[in-house]
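> My structure is stored as structure22.cif, with mmCIF, C-alpha atoms.
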```cif
data_data
#
loop_
_atom_site.label_atom_id
_atom_site.label_comp_id
_atom_site.auth_asym_id
_atom_site.auth_seq_id
_atom_site.Cartn_x
_atom_site.Cartn_y
_atom_site.Cartn_z
CA MET B 1 116.09 109.74 145.76
CA ALA B 2 112.98 107.62 146.30
CA ASN B 3 112.61 104.27 147.97
CA ALA B 4 110.50 101.45 146.61
CA LYS B 5 107.06 101.11 148.10
CA ARG B 6 106.09 97.73 149.51
CA ASP B 7 102.83 95.88 149.82
CA GLN B 8 101.67 94.33 153.08
CA ASN B 9 103.79 91.26 152.37
CA ASN B 10 106.88 93.36 151.89
CA VAL B 11 107.03 92.90 148.10
CA PRO B 12 108.81 95.97 146.66
CA THR B 13 107.54 97.99 143.74
CA LEU B 14 109.61 98.51 140.61
CA LEU B 15 112.42 100.96 141.01
CA ALA B 16 114.55 102.39 138.21
CA VAL B 17 117.20 105.06 137.90
CA SER B 18 116.58 108.57 136.65
CA ALA B 19 117.11 109.12 132.95
CA ALA B 20 118.45 112.54 133.83
CA ASP B 21 121.41 111.59 136.00
CA GLY B 22 121.53 107.80 135.68
CA SER B 23 121.81 107.29 139.42
CA ALA B 24 118.87 108.69 141.41
CA THR B 25 116.30 106.00 142.16
CA VAL B 26 112.82 106.64 140.81
CA PRO B 27 109.67 104.56 141.34
CA VAL B 28 107.94 103.23 138.21
CA TYR B 29 104.24 104.13 138.01
CA ALA B 30 101.22 102.19 136.87
CA ASN B 31 97.62 103.24 136.37
CA PRO B 32 95.79 101.85 139.43
CA THR B 33 92.58 101.30 137.44
CA THR B 34 93.90 99.72 134.25
CA HIS B 35 97.10 98.30 135.77
CA ARG B 36 99.05 99.47 132.74
CA LEU B 37 102.66 100.45 133.29
CA LEU B 38 103.25 104.09 132.35
CA VAL B 39 105.94 104.29 129.69
CA ASP B 40 107.72 107.09 127.86
CA LEU B 41 108.21 106.23 124.21
CA GLY B 42 110.70 109.07 123.78
CA ALA B 43 111.00 109.83 120.07
CA GLY B 44 108.02 107.68 119.22
CA VAL B 45 104.94 108.84 117.39
CA THR B 46 102.03 110.11 119.45
CA GLY B 47 98.45 110.38 118.35
CA PRO B 48 95.04 111.49 119.51
CA GLY B 49 93.38 109.90 122.51
CA SER B 50 90.82 108.21 120.31
CA SER B 51 90.36 107.36 116.66
CA THR B 52 87.76 106.29 114.14
CA ASP B 53 88.17 102.77 112.83
CA ASN B 54 89.67 102.65 109.32
CA ASN B 55 90.32 106.40 109.14
CA ILE B 56 93.52 107.42 107.38
CA VAL B 57 96.29 108.93 109.52
CA LEU B 58 97.95 112.26 108.74
CA PHE B 59 101.05 113.85 110.22
CA ASP B 60 100.30 116.79 112.52
CA GLY B 61 102.88 119.53 112.03
CA ASN B 62 106.35 118.89 110.74
CA THR B 63 108.06 117.08 113.61
CA GLY B 64 107.31 113.64 112.19
CA GLN B 65 106.31 112.52 115.68
CA VAL B 66 102.68 113.61 115.92
CA ILE B 67 99.86 112.07 113.96
CA LYS B 68 96.22 113.00 113.72
CA ASP B 69 92.99 111.63 112.34
CA SER B 70 92.36 112.76 108.76
CA GLY B 71 88.64 112.23 109.11
CA VAL B 72 88.81 110.31 105.83
CA ASN B 73 87.66 106.73 106.02
CA THR B 74 89.02 104.12 103.65
CA THR B 75 85.48 103.12 102.74
CA THR B 76 84.52 106.65 101.68
CA ILE B 77 87.82 108.03 100.42
CA LEU B 78 86.74 107.87 96.79
CA SER B 79 83.85 110.25 97.45
CA THR B 80 86.33 112.63 99.07
CA VAL B 81 88.64 112.67 96.07
CA VAL B 82 85.99 112.71 93.33
CA PRO B 83 82.20 112.94 93.37
CA TYR B 84 81.32 109.33 93.93
CA THR B 85 77.86 107.86 94.18
CA GLY B 86 78.60 104.93 96.42
CA ALA B 87 75.09 103.58 96.16
CA THR B 88 75.54 102.56 92.54
CA GLY B 89 79.30 102.20 92.41
CA ASP B 90 79.45 104.86 89.68
CA VAL B 91 82.01 107.61 89.61
CA ASP B 92 80.09 110.83 88.99
CA LEU B 93 82.27 113.73 87.85
CA GLY B 94 79.33 116.06 87.38
CA SER B 95 80.21 118.65 84.73
CA ASN B 96 83.93 117.95 85.06
CA LYS B 97 85.77 116.24 82.25
CA ILE B 98 88.07 113.28 81.99
CA SER B 99 91.32 114.31 80.36
CA THR B 100 93.15 111.33 78.97
CA ASP B 101 94.43 109.83 75.72
CA THR B 102 92.54 106.56 75.64
CA VAL B 103 89.39 105.17 77.18
CA SER B 104 89.24 101.41 76.90
CA SER B 105 86.87 98.68 77.95
CA SER B 106 87.95 96.55 80.87
CA THR B 107 87.88 93.22 79.04
CA ALA B 108 88.62 92.18 75.49
CA ALA B 109 85.19 90.61 75.10
CA THR B 110 83.26 93.71 76.17
CA PRO B 111 82.73 96.61 73.78
CA LEU B 112 83.25 100.10 75.10
CA ARG B 113 79.88 101.71 75.68
CA LEU B 114 79.25 105.42 75.89
CA GLU B 115 75.92 106.38 77.39
CA GLY B 116 74.40 109.83 77.02
CA GLU B 117 71.25 111.17 78.63
CA ASN B 118 70.63 113.34 75.57
CA GLY B 119 72.78 111.99 72.78
CA ILE B 120 76.52 111.72 72.39
CA THR B 121 78.67 114.37 70.78
CA LEU B 122 82.21 113.86 69.54
CA TYR B 123 83.91 117.22 69.63
CA ASP B 124 87.29 118.07 68.20
CA LYS B 125 88.62 120.97 70.25
CA GLY B 126 91.91 121.19 68.38
CA LEU B 127 92.37 124.80 67.27
CA ALA B 128 94.98 124.01 64.65
CA ASN B 129 92.86 121.38 62.97
CA PRO B 130 89.24 121.96 63.91
CA ALA B 131 87.92 119.41 61.42
CA LEU B 132 86.42 116.51 63.31
CA THR B 133 87.61 113.10 62.21
CA VAL B 134 86.18 109.85 63.46
CA THR B 135 88.43 106.97 62.51
CA LEU B 136 87.83 103.25 62.63
CA ASP B 137 91.38 102.15 63.33
CA PRO B 138 92.48 99.93 60.41
CA THR B 139 95.04 98.27 62.68
CA ASN B 140 92.43 96.53 64.74
CA VAL B 141 89.37 96.77 62.49
CA THR B 142 89.91 94.59 59.43
CA ALA B 143 87.09 92.72 57.81
CA ALA B 144 84.09 94.44 59.31
CA ARG B 145 84.05 98.23 59.65
CA THR B 146 80.47 98.96 60.58
CA VAL B 147 78.67 101.95 61.90
CA SER B 148 75.27 100.68 63.05
CA PHE B 149 72.08 102.64 63.43
CA PRO B 150 69.40 101.31 65.73
CA ASP B 151 66.68 100.72 63.14
CA ALA B 152 65.42 101.64 59.71
CA ASP B 153 64.64 105.16 60.88
CA GLY B 154 68.17 105.86 62.02
CA THR B 155 69.42 109.12 60.63
CA LEU B 156 72.84 110.11 59.40
CA ALA B 157 72.72 113.84 59.89
CA LEU B 158 75.17 116.01 58.03
CA GLU B 159 75.98 119.42 59.32
CA SER B 160 74.28 122.18 57.47
CA GLY B 161 76.41 123.37 54.54
CA ALA B 162 78.62 120.25 54.41
CA ASN B 163 80.05 119.39 51.01
CA GLY B 164 81.89 116.35 49.75
CA SER B 165 81.44 112.72 48.83
CA PHE B 166 82.04 109.30 50.33
CA THR B 167 81.93 105.73 49.09
CA THR B 168 79.55 103.18 50.54
CA ALA B 169 80.33 99.52 51.30
CA ASP B 170 78.84 98.49 47.96
CA ALA B 171 81.02 100.96 46.06
CA LYS B 172 78.38 103.63 45.59
CA THR B 173 79.57 107.22 45.58
CA VAL B 174 77.45 109.54 47.68
CA THR B 175 77.75 113.23 46.91
CA VAL B 176 76.72 115.87 49.43
CA VAL B 177 76.15 119.51 48.55
CA ASN B 178 75.32 122.02 51.26
CA GLY B 179 74.42 119.21 53.64
CA ILE B 180 72.05 117.53 51.20
CA ILE B 181 72.75 114.23 49.45
CA THR B 182 72.44 115.10 45.80
CA SER B 183 73.38 111.80 44.22
CA ILE B 184 74.19 108.17 44.88
CA VAL B 185 76.00 106.60 41.94
CA MET Q 186 98.57 79.31 136.95
CA ALA Q 187 102.07 79.72 135.54
CA ASN Q 188 105.16 79.77 137.68
CA ALA Q 189 108.14 81.98 136.92
CA ALA Q 190 110.86 80.28 134.90
CA ARG Q 191 114.32 80.33 136.46
CA ASP Q 192 117.86 80.48 135.15
CA GLU Q 193 120.62 78.08 136.22
CA ASN Q 194 121.29 80.24 139.26
CA ASN Q 195 117.67 80.07 140.33
CA VAL Q 196 116.94 83.68 139.41
CA PRO Q 197 113.25 83.93 138.50
CA THR Q 198 112.04 85.59 135.32
CA LEU Q 199 109.44 88.36 135.31
CA ILE Q 200 105.85 87.42 136.02
CA ALA Q 201 102.81 89.67 136.09
CA SER Q 202 99.15 89.47 136.96
CA GLY Q 203 96.86 88.50 134.10
CA THR Q 204 94.28 91.00 132.88
CA ASP Q 205 91.78 89.52 135.35
CA GLY Q 206 94.09 90.47 138.20
CA GLN Q 207 93.89 86.96 139.59
CA THR Q 208 96.07 84.74 137.41
CA ILE Q 209 99.80 84.79 136.83
CA VAL Q 210 101.36 85.28 133.39
CA ARG Q 211 104.96 84.91 132.33
CA VAL Q 212 106.17 88.20 130.82
CA LYS Q 213 107.80 87.54 127.46
CA VAL Q 214 110.73 89.01 125.59
CA ASN Q 215 111.67 88.93 121.91
CA ALA Q 216 114.61 86.52 121.98
CA SER Q 217 116.17 88.10 118.89
CA ASN Q 218 116.45 91.68 120.10
CA PHE Q 219 115.79 91.09 123.83
CA SER Q 220 112.94 93.63 123.83
CA LEU Q 221 110.12 93.29 126.30
CA LYS Q 222 106.82 92.38 124.65
CA VAL Q 223 104.17 94.98 125.49
CA ASP Q 224 100.52 95.69 124.82
CA ASP Q 225 99.59 99.41 124.58
CA ASN Q 226 95.92 98.80 123.94
CA THR Q 227 94.48 96.35 126.45
CA THR Q 228 93.03 97.50 129.75
CA GLY Q 229 93.07 95.25 132.78
CA SER Q 230 90.21 94.64 135.19
CA ASP Q 231 90.92 96.20 138.55
CA ASN Q 232 89.61 93.32 140.65
CA GLY Q 233 92.79 91.70 141.86
CA PRO Q 234 94.14 91.61 145.40
CA THR Q 235 95.81 94.62 146.97
CA ASN Q 236 99.03 92.74 147.60
CA ALA Q 237 101.22 91.07 144.98
CA LEU Q 238 100.11 87.67 143.73
CA ARG Q 239 102.70 84.96 144.07
CA ASP Q 240 103.32 81.88 142.01
CA GLN Q 241 103.56 78.41 143.59
CA ASN Q 242 107.20 79.09 144.38
CA SER Q 243 106.35 82.32 146.15
CA VAL Q 244 107.74 84.57 143.40
CA PRO Q 245 105.76 87.83 143.44
CA VAL Q 246 104.35 89.51 140.33
CA LEU Q 247 105.65 92.86 139.12
CA MET Q 248 104.54 95.77 141.26
CA ALA Q 249 104.68 99.50 140.50
CA VAL Q 250 103.46 102.60 142.28
CA SER Q 251 100.05 104.18 141.71
CA SER Q 252 100.25 107.11 139.31
CA VAL Q 253 97.34 108.67 141.19
CA ASP Q 254 98.75 108.96 144.69
CA GLY Q 255 102.39 108.02 144.16
CA VAL Q 256 102.26 105.76 147.18
CA THR Q 257 100.02 102.74 146.76
CA PRO Q 258 101.59 99.58 145.26
CA VAL Q 259 99.82 98.51 142.05
CA ALA Q 260 100.21 95.17 140.29
CA VAL Q 261 101.31 95.52 136.66
CA TYR Q 262 99.25 93.36 134.33
CA ALA Q 263 100.13 91.31 131.26
CA ASP Q 264 97.83 89.94 128.58
CA SER Q 265 97.42 86.23 127.93
CA ASN Q 266 100.29 86.31 125.41
CA GLY Q 267 102.75 87.55 127.97
CA ASN Q 268 102.72 91.15 126.71
CA LEU Q 269 103.11 93.63 129.56
CA LEU Q 270 100.25 96.17 129.59
CA ILE Q 271 101.62 99.66 129.11
CA ASP Q 272 100.15 103.14 128.76
CA SER Q 273 102.20 105.35 126.46
CA ASN Q 274 99.80 108.31 126.44
#
```
Would you put the structure from the file into structure tokens?


Amino acid sequence: MANAKRDQNNVPTLLAVSAADGSATVPVYANPTTHRLLVDLGAGVTGPGSSTDNNIVLFDGNTGQVIKDSGVNTTTILSTVVPYTGATGDVDLGSNKISTDTVSSSTAATPLRLEGENGITLYDKGLANPALTVTLDPTNVTAARTVSFPDADGTLALESGANGSFTTADAKTVTVVNGIITSIV
Amino acid sequence: MANAARDENNVPTLIASGTDGQTIVRVKVNASNFSLKVDDNTTGSDNGPTNALRDQNSVPVLMAVSSVDGVTPVAVYADSNGNLLIDSN
């Protein structure tokens, strides 16, 4: 059982009772440099002695009472999850693919733009129906259904050996034999 | 410099040294759950007197024992909002 200490003016220090037996007197400590009262948070969460500002916290172990620094900062988390070129704001997936059903533009007034360093290829990977079909959706495309080429030299290339016919906007029938347009009627 | 508030029986409330070690701060409690307000982040400046400060009514500030030697009385500090400085590490 401890007695309270006193300063030179006889002021006693804090005294509490032991958490173990509920009766023995125990002095309460403080850090003499910082003057912070030492406390025991019991079942509280404890963490590292220092941290990096804005880093995300992870649990350490499975007690639910110990946390640690993930080393991942909220300002750079995107580059940790996916290759991210923060300098330009672009998300760079490298040779990885985006697997999704629909890619849409962010606003109704802005057309979706696909940019390719060396052309753009639409590839149908369906094994059951390998024929590639590019459709202008008649639900949303009504009056104007236009495929534009950049200038008079734009080329509509047909795969070698393609056969068939299609109708132009002015009702001409274009016939293709072995990849070569044989007639426009 | 704040003086300790008192109840109807003249019992003073807790007061502590401010983080400068030279002022007096009323220690505050959440009146809804009666929990002591604490600050586990701020560090006080160790430039106060060796003995307990007293308010104008001679009420001394909170004193604890040095965690270094287990003998020396140490004033417990509070920040300017009345949060008692604690060290939970």

> Which residues of chain Q come within 8 Å of chain B, and for each one, what is the closest pair of atoms and their distance in Å to one decimal, counting all atoms listed in the file, sorted by chain and residue number, as a Markdown table?


```
| residue | atom | partner | partner_atom | distance |
| --- | --- | --- | --- | --- |
| Q:Thr228 | CA | B:Thr34 | CA | 5.1 |
| Q:Gly229 | CA | B:Thr34 | CA | 4.8 |
| Q:Ser230 | CA | B:Thr34 | CA | 6.3 |
| Q:Asp231 | CA | B:Thr33 | CA | 5.5 |
| Q:Thr235 | CA | B:Asp7 | CA | 7.7 |
| Q:Asn236 | CA | B:Asp7 | CA | 5.4 |
| Q:Ala237 | CA | B:Val11 | CA | 6.8 |
| Q:Pro245 | CA | B:Val11 | CA | 7.0 |
| Q:Leu247 | CA | B:Leu14 | CA | 7.1 |
| Q:Met248 | CA | B:Thr13 | CA | 4.5 |
| Q:Ala249 | CA | B:Thr13 | CA | 4.6 |
| Q:Val250 | CA | B:Tyr29 | CA | 4.6 |
| Q:Ser251 | CA | B:Ala30 | CA | 5.4 |
| Q:Ser252 | CA | B:Tyr29 | CA | 5.1 |
| Q:Val253 | CA | B:Pro32 | CA | 7.2 |
| Q:Gly255 | CA | B:Tyr29 | CA | 7.5 |
| Q:Val256 | CA | B:Lys5 | CA | 6.7 |
| Q:Thr257 | CA | B:Lys5 | CA | 7.3 |
| Q:Pro258 | CA | B:Asp7 | CA | 6.0 |
| Q:Val259 | CA | B:Pro32 | CA | 5.9 |
| Q:Ala260 | CA | B:His35 | CA | 6.3 |
| Q:Val261 | CA | B:His35 | CA | 5.1 |
| Q:Tyr262 | CA | B:His35 | CA | 5.6 |
| Q:Leu269 | CA | B:Leu37 | CA | 7.8 |
| Q:Leu270 | CA | B:Arg36 | CA | 4.7 |
| Q:Ile271 | CA | B:Leu37 | CA | 4.4 |
| Q:Asp272 | CA | B:Leu38 | CA | 4.8 |
| Q:Ser273 | CA | B:Val39 | CA | 5.1 |
| Q:Asn274 | CA | B:Thr46 | CA | 7.6 |
```

> How about saving the chosen residues, C-alpha atoms kept, as a PDB file, in the coordinates of the input?


```
ATOM      1  CA  THR Q 228      93.030  97.500 129.750  1.00  0.00           C
ATOM      2  CA  GLY Q 229      93.070  95.250 132.780  1.00  0.00           C
ATOM      3  CA  SER Q 230      90.210  94.640 135.190  1.00  0.00           C
ATOM      4  CA  ASP Q 231      90.920  96.200 138.550  1.00  0.00           C
ATOM      5  CA  THR Q 235      95.810  94.620 146.970  1.00  0.00           C
ATOM      6  CA  ASN Q 236      99.030  92.740 147.600  1.00  0.00           C
ATOM      7  CA  ALA Q 237     101.220  91.070 144.980  1.00  0.00           C
ATOM      8  CA  PRO Q 245     105.760  87.830 143.440  1.00  0.00           C
ATOM      9  CA  LEU Q 247     105.650  92.860 139.120  1.00  0.00           C
ATOM     10  CA  MET Q 248     104.540  95.770 141.260  1.00  0.00           C
ATOM     11  CA  ALA Q 249     104.680  99.500 140.500  1.00  0.00           C
ATOM     12  CA  VAL Q 250     103.460 102.600 142.280  1.00  0.00           C
ATOM     13  CA  SER Q 251     100.050 104.180 141.710  1.00  0.00           C
ATOM     14  CA  SER Q 252     100.250 107.110 139.310  1.00  0.00           C
ATOM     15  CA  VAL Q 253      97.340 108.670 141.190  1.00  0.00           C
ATOM     16  CA  GLY Q 255     102.390 108.020 144.160  1.00  0.00           C
ATOM     17  CA  VAL Q 256     102.260 105.760 147.180  1.00  0.00           C
ATOM     18  CA  THR Q 257     100.020 102.740 146.760  1.00  0.00           C
ATOM     19  CA  PRO Q 258     101.590  99.580 145.260  1.00  0.00           C
ATOM     20  CA  VAL Q 259      99.820  98.510 142.050  1.00  0.00           C
ATOM     21  CA  ALA Q 260     100.210  95.170 140.290  1.00  0.00           C
ATOM     22  CA  VAL Q 261     101.310  95.520 136.660  1.00  0.00           C
ATOM     23  CA  TYR Q 262      99.250  93.360 134.330  1.00  0.00           C
ATOM     24  CA  LEU Q 269     103.110  93.630 129.560  1.00  0.00           C
ATOM     25  CA  LEU Q 270     100.250  96.170 129.590  1.00  0.00           C
ATOM     26  CA  ILE Q 271     101.620  99.660 129.110  1.00  0.00           C
ATOM     27  CA  ASP Q 272     100.150 103.140 128.760  1.00  0.00           C
ATOM     28  CA  SER Q 273     102.200 105.350 126.460  1.00  0.00           C
ATOM     29  CA  ASN Q 274      99.800 108.310 126.440  1.00  0.00           C
TER      30      ASN Q 274
END
```

> Go through the shown structure with the PyMOL selection byres ((chain B and resi 164) around 8) and write out the matching residues as a PyMOL selection string.

chain B and resi 162-163+165-166+175-177

> Please report the interatomic distance between atom CA of Q:Ala190 and atom CA of Q:Ser243 in Å with one decimal.

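These atoms are spaced 12.3 Å apart.
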
> How would you write, as a PyMOL selection string, the residues chosen by the PyMOL selection byres ((chain B and resi 62-76) around 8) on this structure?

chain B and resi 43-48+51-61+77-80

> For atom CA of Q:Thr198 and atom CA of Q:Val244, determine how far apart the two atoms are, in Å to one decimal place.

9.2 Å

> Could you jot down the atom CA of Q:Gly203 to atom CA of Q:Gly267 separation for me, Å, one decimal place?

8.6 Å

> Taking (106.7, 93.8, 122.1) in the coordinates of the supplied file, I want to know which residues reach to within 12 Å of it, counting all atoms listed in the file; could you give the answer as JSON, numbers by chain?

{"Q": [212, 213, 214, 215, 216, 217, 218, 219, 220, 221, 222, 223, 224, 225, 263, 264, 266, 267, 268, 269, 270, 271]}

> With 8 Å added on each side, what axis-aligned box encloses every listed atom of stretch 90-100 of chain B? Give the centre and edge lengths in Å to one decimal, as AutoDock Vina command-line options.


```
--center_x 86.2 --center_y 111.8 --center_z 84.3 --size_x 29.8 --size_y 29.8 --size_z 26.7
```

> Contacts of B:Leu114 at 12 Å or less, counting only C-alpha atoms, minus same-chain residues fewer than 5 places along, as a list in words?

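Once the nearby chain positions are removed, what remains is Val103, Ser104, Ser105, Gly119, Ile120, Thr121 and Leu122 of chain B.
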